Protein chains: 2
Amino acid sequence: MTYCIGLRLDRGIVFMSDTRTNAGVDNVSVFRKMFTWETPGERVLMLMTAGNLATTQAVVSLLDERSKAPHERNPSILETPSMFQAAREVGETLREVIRSNAMTGQTADSSFNATMILGGQIRGSEPRLFMIYPEGNFIEANGDTPFFQIGETKYGRPILVRAYDPAMGFEDAVKLMLVSFDSTIKANLSVGLPLDVQVYETDSYRLGPSRRIPVDDPYYRNISTGWGEALGQALKSLPDFSFDAE
Amino acid sequence: MTYCIGLRLDRGIVFMSDTRTNAGVDNVSVFRKMFTWETPGERVLMLMTAGNLATTQAVVSLLDERSKAPHERNPSILETPSMFQAAREVGETLREVIRSNAMTGQTADSSFNATMILGGQIRGSEPRLFMIYPEGNFIEANGDTPFFQIGETKYGRPILVRAYDPAMGFEDAVKLMLVSFDSTIKANLSVGLPLDVQVYETDSYRLGPSRRIPVDDPYYRNISTGWGEALGQALKSLPDFSFDAE
């Protein structure tokens with residue numbers, strides 16, 4: 001599995017992804033699941049992927065090649081006039097890759113499917129955040145659903161639902177996302193460090209700070225231990241239950 | 001779906017279950033998923049069910065009937081010499097019901113499967129807690145895995161993993177379980193109030209306090225609102241992330 005979060009804030013967008021891939025419980029590897037493209041001053045695109053690794057790597061390679069050979073039939077995502085068109089381009093590429101695998105008549109234990117989160121900004125419009133399905137269609141984050149998760153989404157969702165605030169700063173957002181990742185990693189073997197973080201600041205048209213959080217990162221370790229204690233305190237702070245009261 | 005937790009503590013066992021059943025997103029109803037049998041002074045059995053409602057109701061009815069007509073071929077769970085035998089009896093009944101549905105050649109959109117948590121104590125041995133699979137086999141909780149969840153288990157798992165302590169009292173356990181339920185209910189439509197709570201105190205050989213927590217329960221509402229704030233505080237109490245530090 002995988003776990004990725006794409007968060008839309010007032011100040012921009014923050015992406016975080018894990019790097020664990022596995023076929024069954026053996027054959028565990030580390031692969032980057034976050035990819036970026038930029039034309040400084042004009043556009044920034046960030047992509048996270050979950051699902052069949054062969055599929056997601058093929059999609060990213062195709063998008064990459066097209067961005068370097070702009071005279072191809074398919075438009076490069078570095079040339080689409082809008083984020084909406086970029087999402088369409090990614091979605092169509094994804095659908096094509098899945099179809100071309102499935103069409104050979106091959107069957108696999110696992111499916112060829114993949115899901116992606118695309119975010120970024122192109123000069124002339126707001127930053128936008130999309131979730132792209134294996135069918136090639138997609139949805140956009142709005143004020144009511146200001147973040148997307150893909151992969152192993154359930155463990156880390158409650159804290160996001162509770163603590164997300166569009167007005168929060170990038171540092172607070174990263175802290176919140178790390179807690180969400182920690183809850184997932186503690187409960188599920190298929191999600192693991194290192195983690196990749198990428199920030200995009202609205203109207204900067206440049207990739208913001210990024211960071212790889214390694215397995216032995218002292219800050220992550222602090223968060224992980226501290227969160228256990230903080231949760232204990234939080235529980236204690238709630239009113240006590242009593243069987244007598246009614 | 002469903003959400004049930006069975007928690008083994010030093011002082012006994014606590015069960016909590018929701019009551020929502022649904023076929024798709026329409027046809028939503030309230031059904032009890034927690035069942036108890038007791039012979040005061042001698043044994044207490046508590047059962048929670050998740051899965052196909054027709055299957056679980058059939059299993060409970062069969063167990064019930066046998067406990068009232070003790071001369072049947074199958075031993076009543078009120079007469080088994082041990083908790084292990086009781087778990088076997090429940091498991092076999094469950095497997096039989098699933099098989100008899102599947103054997104008619106009927107196919108259904110959803111499967112006939114169900115999973116159950118059985119806990120209790122029979123005089124002469126310790127309290128025991130089992131998780132019973134649709135295949136009729138089962139596993140027992142031990143010191144390393146002192147609780148079981150069935151149904152929609154992922155959202156509410158992180159807080160259990162973090163805050164569970166076998167030495168905690170019944171009231172604290174109920175509070176913890178309510179937080180776990182609240183995290184689930186906030187994130188998933190298929191789990192809903194009212195909730196049922198049942199306590200069993202070690203060596204009492206009597207059902208302990210029980211409670212139904214209704215939709216408008218003021219204590220639950222306190223926990224639900226308070227938890228959001230407490231989580232916010234907990235996040236604040238963690239050290240801040242910084243992109244500059246290294």
# chains A, B, ... in the order shown; residues from 1 in each chain; ligands from 1
>>> residues_around(residues="B:Pro127", least_positions_apart="3", cutoff="8 Å", atoms="only C-alpha atoms", output="PyMOL selection string")
chain B and resi 12-13+119-122+202-203
>>> residues_around(residues="B:Thr93", least_positions_apart="3", cutoff="8 Å", atoms="only C-alpha atoms", output="list of chain:residue names")
B:Val59, B:Leu62, B:Leu63, B:Glu89, B:Val90, B:Glu96, B:Val97, B:Gly136
>>> closest_atom_pairs(of="chain B", to="chain A", cutoff="6 Å", atoms="only C-alpha atoms", output="CSV")
residue,atom,partner,partner_atom,distance
B:Lys154,CA,A:Tyr155,CA,5.1
B:Tyr155,CA,A:Tyr155,CA,4.6
B:Pro158,CA,A:Ser183,CA,5.4
B:Arg162,CA,A:Gly228,CA,5.6
B:Ala163,CA,A:Gly232,CA,5.9
B:Glu171,CA,A:Phe241,CA,5.3
B:Lys175,CA,A:Phe241,CA,6.0
B:Ser183,CA,A:Pro158,CA,5.4
B:Gly228,CA,A:Arg162,CA,5.6
B:Ala230,CA,A:Ala234,CA,5.0
B:Gly232,CA,A:Ala163,CA,5.9
B:Ala234,CA,A:Ala230,CA,5.0
B:Phe241,CA,A:Glu171,CA,5.3
>>> write_last_selection(atoms="C-alpha atoms", output="compact mmCIF listing (two decimals), in the first residue's frame")
# COMPACT_ATOMS: atom_id res chain seq x y z
CA LYS B 154 -9.13 1.34 10.96
CA TYR B 155 -10.23 4.85 11.92
CA PRO B 158 -4.61 4.48 16.40
CA ARG B 162 -1.70 4.48 21.83
CA ALA B 163 -3.85 4.85 24.92
CA GLU B 171 -14.75 4.05 33.30
CA LYS B 175 -14.04 6.83 27.70
CA SER B 183 -13.24 8.98 15.40
CA GLY B 228 -11.62 17.96 18.90
CA ALA B 230 -8.10 18.24 23.18
CA GLY B 232 -5.84 20.62 18.93
CA ALA B 234 -2.19 17.92 21.92
CA PHE B 241 8.43 21.66 12.67
>>> residues_around(residues="B:Val14", least_positions_apart="2", cutoff="7 Å", atoms="only C-alpha atoms", output="VMD selection string")
chain B and resid 6 to 8 12 16 198 to 200
>>> write_last_selection(atoms="N, CA, C and O atoms", output="JSON list (two decimals), in the first residue's frame")
[["chain", "number", "residue", "atom", "x", "y", "z"],
["B", 6, "GLY", "N", -13.81, -5.19, 21.64],
["B", 6, "GLY", "CA", -13.79, -6.02, 22.85],
["B", 6, "GLY", "C", -12.44, -5.83, 23.52],
["B", 6, "GLY", "O", -11.41, -6.10, 22.91],
["B", 7, "LEU", "N", -12.44, -5.33, 24.76],
["B", 7, "LEU", "CA", -11.21, -4.93, 25.44],
["B", 7, "LEU", "C", -11.00, -5.81, 26.66],
["B", 7, "LEU", "O", -11.89, -5.95, 27.49],
["B", 8, "ARG", "N", -9.81, -6.37, 26.75],
["B", 8, "ARG", "CA", -9.47, -7.19, 27.92],
["B", 8, "ARG", "C", -8.66, -6.33, 28.86],
["B", 8, "ARG", "O", -7.64, -5.75, 28.47],
["B", 12, "GLY", "N", -11.22, -7.05, 34.06],
["B", 12, "GLY", "CA", -12.33, -7.73, 33.39],
["B", 12, "GLY", "C", -12.36, -7.45, 31.91],
["B", 12, "GLY", "O", -11.32, -7.30, 31.28],
["B", 16, "MET", "N", -18.04, -2.84, 23.48],
["B", 16, "MET", "CA", -18.83, -1.73, 22.96],
["B", 16, "MET", "C", -19.15, -1.98, 21.49],
["B", 16, "MET", "O", -18.27, -2.39, 20.73],
["B", 198, "GLN", "N", -21.14, -2.93, 27.58],
["B", 198, "GLN", "CA", -21.35, -4.00, 28.56],
["B", 198, "GLN", "C", -20.02, -4.28, 29.26],
["B", 198, "GLN", "O", -18.99, -4.45, 28.60],
["B", 199, "VAL", "N", -20.07, -4.33, 30.58],
["B", 199, "VAL", "CA", -18.88, -4.58, 31.38],
["B", 199, "VAL", "C", -18.99, -5.95, 32.03],
["B", 199, "VAL", "O", -20.07, -6.37, 32.43],
["B", 200, "TYR", "N", -17.87, -6.66, 32.09],
["B", 200, "TYR", "CA", -17.83, -7.86, 32.93],
["B", 200, "TYR", "C", -16.62, -7.76, 33.86],
["B", 200, "TYR", "O", -15.49, -7.57, 33.40]]
>>> select_by_dssp(residues="stretch 20-79 of chain B", states="helix (DSSP H, G or I)", output="list in words")
Leu53, Ala54, Thr55, Thr56, Gln57, Ala58, Val59, Val60, Ser61, Leu62, Leu63, Asp64, Glu65, Arg66, Ser67 and Lys68 of chain B
>>> write_last_selection(atoms="N, CA, C and O atoms", output="mmCIF file, in the first residue's frame")
data_model
loop_
_atom_site.group_PDB
_atom_site.id
_atom_site.type_symbol
_atom_site.label_atom_id
_atom_site.label_comp_id
_atom_site.auth_asym_id
_atom_site.auth_seq_id
_atom_site.Cartn_x
_atom_site.Cartn_y
_atom_site.Cartn_z
ATOM 1 N N LEU B 53 -26.378 -9.388 8.352
ATOM 2 C CA LEU B 53 -27.309 -9.374 9.485
ATOM 3 C C LEU B 53 -28.135 -10.651 9.567
ATOM 4 O O LEU B 53 -28.423 -11.150 10.657
ATOM 5 N N ALA B 54 -28.524 -11.195 8.430
ATOM 6 C CA ALA B 54 -29.305 -12.435 8.434
ATOM 7 C C ALA B 54 -28.478 -13.561 9.050
ATOM 8 O O ALA B 54 -28.973 -14.368 9.842
ATOM 9 N N THR B 55 -27.191 -13.596 8.709
ATOM 10 C CA THR B 55 -26.309 -14.618 9.269
ATOM 11 C C THR B 55 -26.171 -14.452 10.779
ATOM 12 O O THR B 55 -26.357 -15.401 11.551
ATOM 13 N N THR B 56 -25.870 -13.228 11.231
ATOM 14 C CA THR B 56 -25.610 -13.054 12.661
ATOM 15 C C THR B 56 -26.878 -13.282 13.473
ATOM 16 O O THR B 56 -26.834 -13.877 14.554
ATOM 17 N N GLN B 57 -28.024 -12.853 12.940
ATOM 18 C CA GLN B 57 -29.265 -13.092 13.676
ATOM 19 C C GLN B 57 -29.565 -14.583 13.771
ATOM 20 O O GLN B 57 -30.010 -15.080 14.807
ATOM 21 N N ALA B 58 -29.293 -15.311 12.694
ATOM 22 C CA ALA B 58 -29.537 -16.757 12.710
ATOM 23 C C ALA B 58 -28.642 -17.428 13.745
ATOM 24 O O ALA B 58 -29.085 -18.291 14.521
ATOM 25 N N VAL B 59 -27.374 -17.026 13.788
ATOM 26 C CA VAL B 59 -26.438 -17.618 14.753
ATOM 27 C C VAL B 59 -26.912 -17.368 16.172
ATOM 28 O O VAL B 59 -26.981 -18.282 17.002
ATOM 29 N N VAL B 60 -27.270 -16.114 16.452
ATOM 30 C CA VAL B 60 -27.688 -15.779 17.816
ATOM 31 C C VAL B 60 -28.976 -16.521 18.177
ATOM 32 O O VAL B 60 -29.126 -17.039 19.290
ATOM 33 N N SER B 61 -29.912 -16.624 17.230
ATOM 34 C CA SER B 61 -31.162 -17.334 17.518
ATOM 35 C C SER B 61 -30.902 -18.804 17.803
ATOM 36 O O SER B 61 -31.490 -19.387 18.722
ATOM 37 N N LEU B 62 -30.010 -19.409 17.015
ATOM 38 C CA LEU B 62 -29.693 -20.818 17.234
ATOM 39 C C LEU B 62 -29.049 -21.021 18.604
ATOM 40 O O LEU B 62 -29.411 -21.941 19.358
ATOM 41 N N LEU B 63 -28.099 -20.156 18.951
ATOM 42 C CA LEU B 63 -27.440 -20.272 20.253
ATOM 43 C C LEU B 63 -28.465 -20.106 21.380
ATOM 44 O O LEU B 63 -28.449 -20.820 22.375
ATOM 45 N N ASP B 64 -29.364 -19.155 21.167
ATOM 46 C CA ASP B 64 -30.413 -18.873 22.148
ATOM 47 C C ASP B 64 -31.337 -20.064 22.348
ATOM 48 O O ASP B 64 -31.618 -20.487 23.470
ATOM 49 N N GLU B 65 -31.807 -20.623 21.229
ATOM 50 C CA GLU B 65 -32.743 -21.745 21.309
ATOM 51 C C GLU B 65 -32.121 -22.928 22.032
ATOM 52 O O GLU B 65 -32.759 -23.575 22.858
ATOM 53 N N ARG B 66 -30.855 -23.186 21.687
ATOM 54 C CA ARG B 66 -30.187 -24.320 22.314
ATOM 55 C C ARG B 66 -30.014 -24.113 23.802
ATOM 56 O O ARG B 66 -30.044 -25.058 24.576
ATOM 57 N N SER B 67 -29.833 -22.848 24.199
ATOM 58 C CA SER B 67 -29.645 -22.615 25.631
ATOM 59 C C SER B 67 -30.952 -22.816 26.381
ATOM 60 O O SER B 67 -30.981 -22.959 27.590
ATOM 61 N N LYS B 68 -32.061 -22.828 25.610
ATOM 62 C CA LYS B 68 -33.365 -23.037 26.262
ATOM 63 C C LYS B 68 -33.857 -24.472 26.121
ATOM 64 O O LYS B 68 -34.752 -24.903 26.835
#
>>> residues_around(residues="stretch 140-149 of chain A", least_positions_apart="5", cutoff="8 Å", atoms="only C-alpha atoms", output="number ranges by chain")
A: 3-9, 117, 128-131, 166
>>> atom_distance(atom1="atom CA of A:Thr21", atom2="atom CA of A:Ile213")
16.6 Å
>>> residues_around(residues="A:Ser29", least_positions_apart="2", cutoff="8 Å", atoms="only C-alpha atoms", output="PyMOL selection string")
chain A and resi 19-22+27+31
>>> write_last_selection(atoms="all heavy atoms", output="PDB file, in the first residue's frame")
ATOM      1  N   THR A  19       7.215   6.112   1.236  1.00  0.00           N
ATOM      2  CA  THR A  19       8.048   5.581   0.151  1.00  0.00           C
ATOM      3  C   THR A  19       8.053   4.056   0.135  1.00  0.00           C
ATOM      4  O   THR A  19       8.873   3.449  -0.544  1.00  0.00           O
ATOM      5  CB  THR A  19       9.511   6.032   0.326  1.00  0.00           C
ATOM      6  OG1 THR A  19       9.909   5.695   1.654  1.00  0.00           O
ATOM      7  CG2 THR A  19       9.663   7.515   0.097  1.00  0.00           C
ATOM      8  N   ARG A  20       7.170   3.437   0.917  1.00  0.00           N
ATOM      9  CA  ARG A  20       7.218   1.975   0.967  1.00  0.00           C
ATOM     10  C   ARG A  20       6.396   1.367  -0.160  1.00  0.00           C
ATOM     11  O   ARG A  20       5.259   1.753  -0.398  1.00  0.00           O
ATOM     12  CB  ARG A  20       6.694   1.476   2.318  1.00  0.00           C
ATOM     13  CG  ARG A  20       6.761  -0.050   2.427  1.00  0.00           C
ATOM     14  CD  ARG A  20       6.631  -0.520   3.842  1.00  0.00           C
ATOM     15  NE  ARG A  20       7.773  -0.120   4.643  1.00  0.00           N
ATOM     16  CZ  ARG A  20       7.907  -0.351   5.945  1.00  0.00           C
ATOM     17  NH1 ARG A  20       6.943  -0.981   6.590  1.00  0.00           N
ATOM     18  NH2 ARG A  20       8.972   0.045   6.606  1.00  0.00           N
ATOM     19  N   THR A  21       6.983   0.402  -0.841  1.00  0.00           N
ATOM     20  CA  THR A  21       6.211  -0.389  -1.797  1.00  0.00           C
ATOM     21  C   THR A  21       6.397  -1.843  -1.399  1.00  0.00           C
ATOM     22  O   THR A  21       7.443  -2.230  -0.877  1.00  0.00           O
ATOM     23  CB  THR A  21       6.705  -0.218  -3.243  1.00  0.00           C
ATOM     24  OG1 THR A  21       8.002  -0.799  -3.338  1.00  0.00           O
ATOM     25  CG2 THR A  21       6.761   1.230  -3.630  1.00  0.00           C
ATOM     26  N   ASN A  22       5.395  -2.632  -1.609  1.00  0.00           N
ATOM     27  CA  ASN A  22       5.530  -4.043  -1.278  1.00  0.00           C
ATOM     28  C   ASN A  22       4.667  -4.899  -2.181  1.00  0.00           C
ATOM     29  O   ASN A  22       3.605  -4.481  -2.630  1.00  0.00           O
ATOM     30  CB  ASN A  22       5.157  -4.296   0.182  1.00  0.00           C
ATOM     31  CG  ASN A  22       3.697  -4.010   0.475  1.00  0.00           C
ATOM     32  OD1 ASN A  22       3.236  -2.905   0.225  1.00  0.00           O
ATOM     33  ND2 ASN A  22       2.974  -4.984   0.980  1.00  0.00           N
ATOM     34  N   ASN A  27       9.393  -8.664  -0.415  1.00  0.00           N
ATOM     35  CA  ASN A  27       9.663  -7.753  -1.520  1.00  0.00           C
ATOM     36  C   ASN A  27       9.248  -6.326  -1.156  1.00  0.00           C
ATOM     37  O   ASN A  27       8.449  -5.692  -1.848  1.00  0.00           O
ATOM     38  CB  ASN A  27       8.913  -8.227  -2.774  1.00  0.00           C
ATOM     39  CG  ASN A  27       9.657  -7.818  -4.028  1.00  0.00           C
ATOM     40  OD1 ASN A  27      10.563  -6.987  -3.952  1.00  0.00           O
ATOM     41  ND2 ASN A  27       9.268  -8.360  -5.142  1.00  0.00           N
ATOM     42  N   PHE A  31      10.576   3.443  -2.736  1.00  0.00           N
ATOM     43  CA  PHE A  31      10.434   4.147  -4.014  1.00  0.00           C
ATOM     44  C   PHE A  31       9.797   5.511  -3.761  1.00  0.00           C
ATOM     45  O   PHE A  31       8.865   5.614  -2.977  1.00  0.00           O
ATOM     46  CB  PHE A  31       9.529   3.364  -4.990  1.00  0.00           C
ATOM     47  CG  PHE A  31      10.242   2.273  -5.722  1.00  0.00           C
ATOM     48  CD1 PHE A  31      10.228   0.977  -5.228  1.00  0.00           C
ATOM     49  CD2 PHE A  31      10.917   2.542  -6.898  1.00  0.00           C
ATOM     50  CE1 PHE A  31      10.879  -0.046  -5.897  1.00  0.00           C
ATOM     51  CE2 PHE A  31      11.569   1.522  -7.575  1.00  0.00           C
ATOM     52  CZ  PHE A  31      11.558   0.231  -7.078  1.00  0.00           C
TER      53      PHE A  31
END
>>> residues_around(residues="A:Ala87", least_positions_apart="4", cutoff="8 Å", atoms="only C-alpha atoms", output="NGL selection string")
:A and (83 or 91 or 118 or 130 or 132 or 138)
>>> atom_distance(atom1="atom CA of B:Gly24", atom2="atom CA of B:Val215")
21.5 Å
